[in-house]
$ cat final02.cif   # mmCIF, C-alpha atoms
data_entry
loop_
_atom_site.label_atom_id
_atom_site.label_comp_id
_atom_site.auth_asym_id
_atom_site.auth_seq_id
_atom_site.Cartn_x
_atom_site.Cartn_y
_atom_site.Cartn_z
CA ASP A 1 -39.18 -79.64 47.90
CA THR A 2 -37.23 -79.58 44.62
CA ALA A 3 -39.59 -79.98 41.66
CA VAL A 4 -37.25 -81.51 39.07
CA SER A 5 -33.94 -82.88 40.29
CA GLN A 6 -31.01 -84.33 38.40
CA THR A 7 -27.93 -86.20 39.49
CA PRO A 8 -25.10 -85.72 39.16
CA LYS A 9 -24.74 -81.96 38.70
CA TYR A 10 -21.26 -82.31 37.21
CA LEU A 11 -19.81 -85.27 35.36
CA VAL A 12 -16.25 -85.42 34.05
CA THR A 13 -15.24 -88.59 32.27
CA GLN A 14 -12.96 -90.05 29.63
CA MET A 15 -13.86 -90.80 26.04
CA GLY A 16 -15.23 -94.29 25.57
CA ASN A 17 -16.75 -94.56 29.05
CA ASP A 18 -20.43 -95.28 29.77
CA LYS A 19 -22.33 -92.98 32.12
CA SER A 20 -25.85 -92.36 33.38
CA ILE A 21 -27.75 -89.26 34.45
CA LYS A 22 -30.82 -89.58 36.65
CA CYS A 23 -33.89 -87.35 36.76
CA GLU A 24 -36.83 -87.27 39.12
CA GLN A 25 -39.86 -84.99 39.30
CA ASN A 26 -42.29 -84.64 42.20
CA LEU A 27 -44.85 -82.50 40.36
CA GLY A 28 -47.12 -85.38 39.38
CA HIS A 29 -46.55 -84.60 35.68
CA ASP A 30 -47.16 -87.18 33.01
CA THR A 31 -44.48 -86.12 30.51
CA MET A 32 -40.72 -85.92 30.89
CA TYR A 33 -37.95 -84.80 28.55
CA TRP A 34 -34.23 -84.78 27.97
CA TYR A 35 -32.63 -81.77 26.32
CA LYS A 36 -29.04 -81.08 25.28
CA GLN A 37 -27.75 -77.51 25.53
CA ASP A 38 -24.52 -76.83 23.69
CA SER A 39 -21.92 -74.16 24.35
CA LYS A 40 -23.91 -71.64 22.28
CA LYS A 41 -26.94 -72.14 24.54
CA PHE A 42 -28.98 -73.91 21.86
CA LEU A 43 -31.51 -76.13 23.64
CA LYS A 44 -32.35 -79.19 21.58
CA ILE A 45 -34.83 -81.87 22.55
CA MET A 46 -33.57 -85.43 22.56
CA PHE A 47 -36.40 -87.55 23.99
CA SER A 48 -39.83 -87.23 25.49
CA TYR A 49 -41.82 -89.78 27.48
CA ASN A 50 -45.52 -89.61 28.28
CA ASN A 51 -46.71 -92.01 30.97
CA LYS A 52 -43.52 -94.08 30.52
CA GLU A 53 -44.07 -94.29 26.77
CA LEU A 54 -41.56 -92.83 24.30
CA ILE A 55 -43.33 -90.20 22.20
CA ILE A 56 -40.51 -88.03 20.86
CA ASN A 57 -37.22 -89.45 19.70
CA GLU A 58 -35.18 -86.90 17.79
CA THR A 59 -32.20 -87.82 15.65
CA VAL A 60 -29.93 -88.87 18.45
CA PRO A 61 -27.12 -91.46 18.20
CA ASN A 62 -28.25 -94.82 19.55
CA ARG A 63 -25.45 -94.54 22.13
CA PHE A 64 -28.05 -92.52 24.04
CA SER A 65 -30.74 -94.63 25.66
CA PRO A 66 -33.46 -93.18 27.87
CA LYS A 67 -35.27 -95.30 30.43
CA SER A 68 -38.43 -94.42 32.30
CA PRO A 69 -39.08 -96.87 35.16
CA ASP A 70 -42.16 -94.86 36.21
CA LYS A 71 -43.86 -91.52 35.51
CA ALA A 72 -41.69 -89.67 37.99
CA HIS A 73 -38.31 -90.83 36.68
CA LEU A 74 -36.48 -90.53 33.38
CA ASN A 75 -32.86 -91.61 33.23
CA LEU A 76 -30.39 -91.16 30.41
CA HIS A 77 -27.66 -93.68 29.73
CA ILE A 78 -24.83 -92.82 27.36
CA ASN A 79 -22.50 -95.47 25.94
CA SER A 80 -19.05 -94.93 24.45
CA LEU A 81 -18.87 -91.23 25.28
CA GLU A 82 -17.38 -88.91 22.66
CA LEU A 83 -15.87 -85.43 22.88
CA GLY A 84 -18.94 -83.99 21.11
CA ASP A 85 -21.19 -85.22 23.89
CA SER A 86 -19.81 -82.51 26.17
CA ALA A 87 -22.75 -80.22 26.95
CA VAL A 88 -25.28 -79.44 29.65
CA TYR A 89 -28.12 -81.96 29.76
CA PHE A 90 -31.45 -80.79 31.11
CA CYS A 91 -34.33 -82.90 32.25
CA ALA A 92 -37.79 -81.34 32.20
CA SER A 93 -41.36 -82.32 32.96
CA SER A 94 -44.80 -81.05 31.99
CA GLN A 95 -48.46 -81.95 32.21
CA GLU A 96 -50.27 -82.37 28.92
CA ARG A 97 -53.64 -80.63 28.72
CA ASP A 98 -56.62 -80.97 26.41
CA PRO A 99 -55.33 -79.87 22.96
CA GLY A 100 -58.61 -78.15 22.21
CA ALA A 101 -58.69 -76.08 25.37
CA GLY A 102 -56.34 -73.35 24.19
CA ASN A 103 -54.03 -73.74 27.15
CA ASN A 104 -51.89 -76.57 25.87
CA TYR A 105 -48.75 -74.46 25.77
CA ASN A 106 -47.03 -77.19 27.70
CA GLU A 107 -45.14 -75.31 30.42
CA GLN A 108 -42.01 -77.28 31.05
CA PHE A 109 -40.26 -77.32 34.40
CA PHE A 110 -36.54 -77.80 34.03
CA GLY A 111 -34.05 -79.40 36.34
CA PRO A 112 -30.78 -77.66 37.27
CA GLY A 113 -28.84 -79.42 34.50
CA THR A 114 -25.95 -81.88 34.40
CA ARG A 115 -22.73 -80.45 33.02
CA LEU A 116 -20.99 -83.29 31.17
CA THR A 117 -17.37 -82.91 30.17
CA VAL A 118 -15.77 -85.64 28.09
CA LEU A 119 -11.97 -85.56 28.04
CA GLN B 1 -33.03 -72.36 7.66
CA LYS B 2 -33.86 -73.09 11.30
CA GLU B 3 -37.52 -73.29 12.31
CA VAL B 4 -36.96 -70.58 14.91
CA GLU B 5 -34.41 -67.79 14.55
CA GLN B 6 -33.24 -65.62 17.41
CA ASP B 7 -30.37 -63.14 17.59
CA PRO B 8 -27.95 -64.52 20.20
CA GLY B 9 -26.73 -61.09 21.24
CA PRO B 10 -25.24 -60.28 23.66
CA LEU B 11 -27.44 -57.28 24.29
CA SER B 12 -26.19 -54.77 26.82
CA VAL B 13 -28.48 -51.98 28.09
CA PRO B 14 -28.43 -49.46 30.96
CA GLU B 15 -30.76 -49.95 33.91
CA GLY B 16 -34.19 -48.49 33.24
CA ALA B 17 -34.05 -49.02 29.47
CA ILE B 18 -36.78 -50.68 27.45
CA VAL B 19 -35.57 -53.96 26.02
CA SER B 20 -36.95 -55.60 22.88
CA LEU B 21 -36.22 -59.26 22.20
CA ASN B 22 -37.41 -60.92 19.01
CA CYS B 23 -37.81 -64.23 17.23
CA THR B 24 -38.93 -65.19 13.76
CA TYR B 25 -40.22 -68.60 12.77
CA SER B 26 -41.10 -70.50 9.63
CA ASN B 27 -43.64 -73.12 10.80
CA SER B 28 -47.14 -71.70 10.34
CA ALA B 29 -48.57 -74.53 12.50
CA PHE B 30 -47.16 -73.00 15.68
CA GLN B 31 -49.99 -71.88 17.98
CA TYR B 32 -48.34 -71.47 21.36
CA PHE B 33 -45.58 -68.94 21.87
CA MET B 34 -43.51 -68.80 25.02
CA TRP B 35 -40.62 -66.95 26.52
CA TYR B 36 -38.28 -68.70 28.92
CA ARG B 37 -35.65 -66.99 31.07
CA GLN B 38 -32.44 -68.79 31.94
CA TYR B 39 -30.05 -67.47 34.55
CA SER B 40 -26.42 -68.54 34.36
CA ARG B 41 -25.90 -72.17 35.39
CA LYS B 42 -29.63 -72.73 35.93
CA GLY B 43 -32.43 -74.39 34.00
CA PRO B 44 -34.83 -72.29 31.89
CA GLU B 45 -38.07 -71.16 33.53
CA LEU B 46 -41.26 -70.04 31.83
CA LEU B 47 -41.73 -66.28 31.86
CA MET B 48 -44.78 -65.78 29.64
CA TYR B 49 -46.90 -67.59 27.09
CA THR B 50 -49.34 -66.47 24.41
CA TYR B 51 -51.87 -68.50 22.49
CA SER B 52 -52.26 -67.48 18.83
CA SER B 53 -51.86 -63.77 18.00
CA GLY B 54 -52.02 -60.67 20.13
CA ASN B 55 -50.43 -59.08 23.14
CA LYS B 56 -50.11 -60.17 26.71
CA GLU B 57 -48.86 -58.04 29.58
CA ASP B 58 -47.51 -59.14 32.95
CA GLY B 59 -45.98 -56.43 35.07
CA ARG B 60 -42.95 -55.03 33.26
CA PHE B 61 -43.14 -57.71 30.58
CA THR B 62 -45.18 -57.65 27.36
CA ALA B 63 -45.28 -60.49 24.85
CA GLN B 64 -46.46 -59.84 21.29
CA VAL B 65 -47.25 -62.31 18.54
CA ASP B 66 -47.76 -61.39 14.89
CA LYS B 67 -48.69 -64.62 13.14
CA SER B 68 -49.04 -62.95 9.74
CA SER B 69 -45.37 -61.94 9.87
CA LYS B 70 -44.30 -65.01 11.86
CA TYR B 71 -42.66 -62.72 14.40
CA ILE B 72 -42.80 -62.63 18.17
CA SER B 73 -41.40 -60.11 20.64
CA LEU B 74 -40.81 -59.71 24.33
CA PHE B 75 -40.59 -56.19 25.75
CA ILE B 76 -39.13 -55.47 29.15
CA ARG B 77 -39.88 -52.03 30.61
CA ASP B 78 -37.74 -50.38 33.27
CA SER B 79 -35.13 -53.10 32.96
CA GLN B 80 -33.31 -54.12 36.14
CA PRO B 81 -29.91 -55.75 36.71
CA SER B 82 -31.85 -58.81 37.94
CA ASP B 83 -33.23 -59.16 34.39
CA SER B 84 -29.73 -60.08 33.20
CA ALA B 85 -30.15 -63.59 31.80
CA THR B 86 -30.57 -65.48 28.55
CA TYR B 87 -34.07 -65.25 27.08
CA LEU B 88 -35.25 -68.12 24.92
CA CYS B 89 -38.32 -67.98 22.74
CA ALA B 90 -40.18 -71.27 22.36
CA MET B 91 -43.05 -72.43 20.16
CA ARG B 92 -45.38 -75.37 19.83
CA SER B 93 -48.10 -76.48 17.47
CA GLY B 94 -50.11 -78.42 20.03
CA GLY B 95 -50.98 -81.99 20.95
CA TYR B 96 -47.93 -84.07 21.71
CA GLN B 97 -45.75 -81.96 19.47
CA LYS B 98 -42.36 -80.93 20.72
CA VAL B 99 -41.53 -77.43 21.86
CA THR B 100 -38.98 -75.79 19.55
CA PHE B 101 -36.65 -73.32 21.23
CA GLY B 102 -34.76 -70.39 19.77
CA THR B 103 -31.04 -70.13 20.41
CA GLY B 104 -31.55 -67.54 23.15
CA THR B 105 -30.53 -63.89 23.50
CA LYS B 106 -28.14 -63.03 26.28
CA LEU B 107 -29.19 -59.79 28.02
CA GLN B 108 -27.06 -57.75 30.38
CA VAL B 109 -28.59 -54.82 32.26
CA ILE B 110 -25.90 -52.51 33.57
CA PRO B 111 -26.57 -50.64 36.84
#
$ encode --input "final02.cif" --output "structure tokens"
Amino acid sequence: DTAVSQTPKYLVTQMGNDKSIKCEQNLGHDTMYWYKQDSKKFLKIMFSYNNKELIINETVPNRFSPKSPDKAHLNLHINSLELGDSAVYFCASSQERDPGAGNNYNEQFFGPGTRLTVL
Amino acid sequence: QKEVEQDPGPLSVPEGAIVSLNCTYSNSAFQYFMWYRQYSRKGPELLMYTYSSGNKEDGRFTAQVDKSSKYISLFIRDSQPSDSATYLCAMRSGGYQKVTFGTGTKLQVIP
């Protein structure tokens, strides 16, 4: 009954390779995210999708391409991997609420993370 | 200057101590203030949230927001070894705006 799951949990690969990370949520949420957490624990948003539509796209190299086949899935494909891509990548999901209701704090449920190491 | 500043620590306290964790921010549009807890090798999980200014208490945890000073705090009373984790503050202005996280403070509670 895992809420947000990611595969794989660990990924070790060579520079220049292409790899994908998959994410699935079974919470019925309408919004999903990809975050990158570096070695200093800084959690930085990369992308956000709401109902399969891209709504947040931070300054991320275009080697990173998210794909949302449906509301429950958000995958991340990375081309031409570089050493600096080594990090933990977290998927998250949330349910957007009425902005005027005062409860739109947007609780995000995170997956367990994918630890990517580029050699 | 980052939008959200948080002392990375590490912060080491004896069991039973009162812990104070803090963040400052620069974006006056932030309305929602959250604290996430992240155990080692796990994803962050929401601990508490506050809307606008004021205090909120939940068991041993108290969250405070001072919008005039752009300063938020999390207090942990009677700290336990199980509280050892990284605590990330997070903020949002609302709508479809992104959540901006602090860098996290690593806390260790020593038995």
$ interface_residues --input "final02.cif" --of "chain A" --to "chain B" --cutoff "12 Å" --atoms "only C-alpha atoms" --output "number ranges by chain"
A: 3-6, 9-10, 30-50, 54-58, 88-115
$ resolve_selection --input "final02.cif" --expression "the PyMOL selection byres ((chain B and resi 68) around 12)" --output "PyMOL selection string"
chain B and resi 24-30+52-54+65-67+69-72
$ residues_around --input "final02.cif" --residues "A:Ala72" --least-positions-apart "4" --cutoff "9 Å" --atoms "all atoms listed in the file" --output "MDAnalysis selection string"
chainID A and resid 23:32 51:52 68 93
$ write_last_selection --input "final02.cif" --atoms "C-alpha atoms" --output "CSV table (one decimal), keeping the file's coordinate frame"
chain,number,residue,atom,x,y,z
A,23,CYS,CA,-33.9,-87.4,36.8
A,24,GLU,CA,-36.8,-87.3,39.1
A,25,GLN,CA,-39.9,-85.0,39.3
A,26,ASN,CA,-42.3,-84.6,42.2
A,27,LEU,CA,-44.8,-82.5,40.4
A,28,GLY,CA,-47.1,-85.4,39.4
A,29,HIS,CA,-46.6,-84.6,35.7
A,30,ASP,CA,-47.2,-87.2,33.0
A,31,THR,CA,-44.5,-86.1,30.5
A,32,MET,CA,-40.7,-85.9,30.9
A,51,ASN,CA,-46.7,-92.0,31.0
A,52,LYS,CA,-43.5,-94.1,30.5
A,68,SER,CA,-38.4,-94.4,32.3
A,93,SER,CA,-41.4,-82.3,33.0
$ closest_residue --input "final02.cif" --among "A:Val60, A:Ile78, A:Ile21, A:Leu83" --to "A:Leu119" --atoms "all atoms listed in the file"
A:Leu83
$ residues_around --input "final02.cif" --residues "A:Asn79" --least-positions-apart "5" --cutoff "10 Å" --atoms "all atoms listed in the file" --output "MDAnalysis selection string"
chainID A and resid 15:20 61:65
$ atom_distance --input "final02.cif" --atom1 "atom CA of B:Asp58" --atom2 "atom CA of A:Thr2"
25.7 Å
$ atom_distance --input "final02.cif" --atom1 "atom CA of A:Glu82" --atom2 "atom CA of A:Gln14"
8.3 Å
$ atom_distance --input "final02.cif" --atom1 "atom CA of B:Thr62" --atom2 "atom CA of B:Pro111"
22.0 Å
$ residues_around --input "final02.cif" --residues "A:Ser86" --least-positions-apart "3" --cutoff "7 Å" --atoms "only C-alpha atoms" --output "NGL selection string"
:A and (83 or 116-118)
$ write_last_selection --input "final02.cif" --atoms "C-alpha atoms" --output "mmCIF file, keeping the file's coordinate frame"
data_model
loop_
_atom_site.group_PDB
_atom_site.id
_atom_site.type_symbol
_atom_site.label_atom_id
_atom_site.label_comp_id
_atom_site.auth_asym_id
_atom_site.auth_seq_id
_atom_site.Cartn_x
_atom_site.Cartn_y
_atom_site.Cartn_z
ATOM 1 C CA LEU A 83 -15.870 -85.430 22.880
ATOM 2 C CA LEU A 116 -20.990 -83.290 31.170
ATOM 3 C CA THR A 117 -17.370 -82.910 30.170
ATOM 4 C CA VAL A 118 -15.770 -85.640 28.090
#
$ resolve_selection --input "final02.cif" --expression "the PyMOL selection byres ((chain B and resi 107) around 6)" --output "ChimeraX atom specification"
/B:10-12,84-86,106,108
$ write_last_selection --input "final02.cif" --atoms "C-alpha atoms" --output "PDB file, in the frame of the given file"
ATOM      1  CA  PRO B  10     -25.240 -60.280  23.660  1.00  0.00           C
ATOM      2  CA  LEU B  11     -27.440 -57.280  24.290  1.00  0.00           C
ATOM      3  CA  SER B  12     -26.190 -54.770  26.820  1.00  0.00           C
ATOM      4  CA  SER B  84     -29.730 -60.080  33.200  1.00  0.00           C
ATOM      5  CA  ALA B  85     -30.150 -63.590  31.800  1.00  0.00           C
ATOM      6  CA  THR B  86     -30.570 -65.480  28.550  1.00  0.00           C
ATOM      7  CA  LYS B 106     -28.140 -63.030  26.280  1.00  0.00           C
ATOM      8  CA  GLN B 108     -27.060 -57.750  30.380  1.00  0.00           C
TER       9      GLN B 108
END
$ axis_aligned_box --input "final02.cif" --around "stretch 64-83 of chain B" --padding-each-side "8 Å" --output "JSON"
{"center_x": -39.5, "center_y": -57.7, "center_z": 23.8, "size_x": 35.1, "size_y": 30.6, "size_z": 44.2}
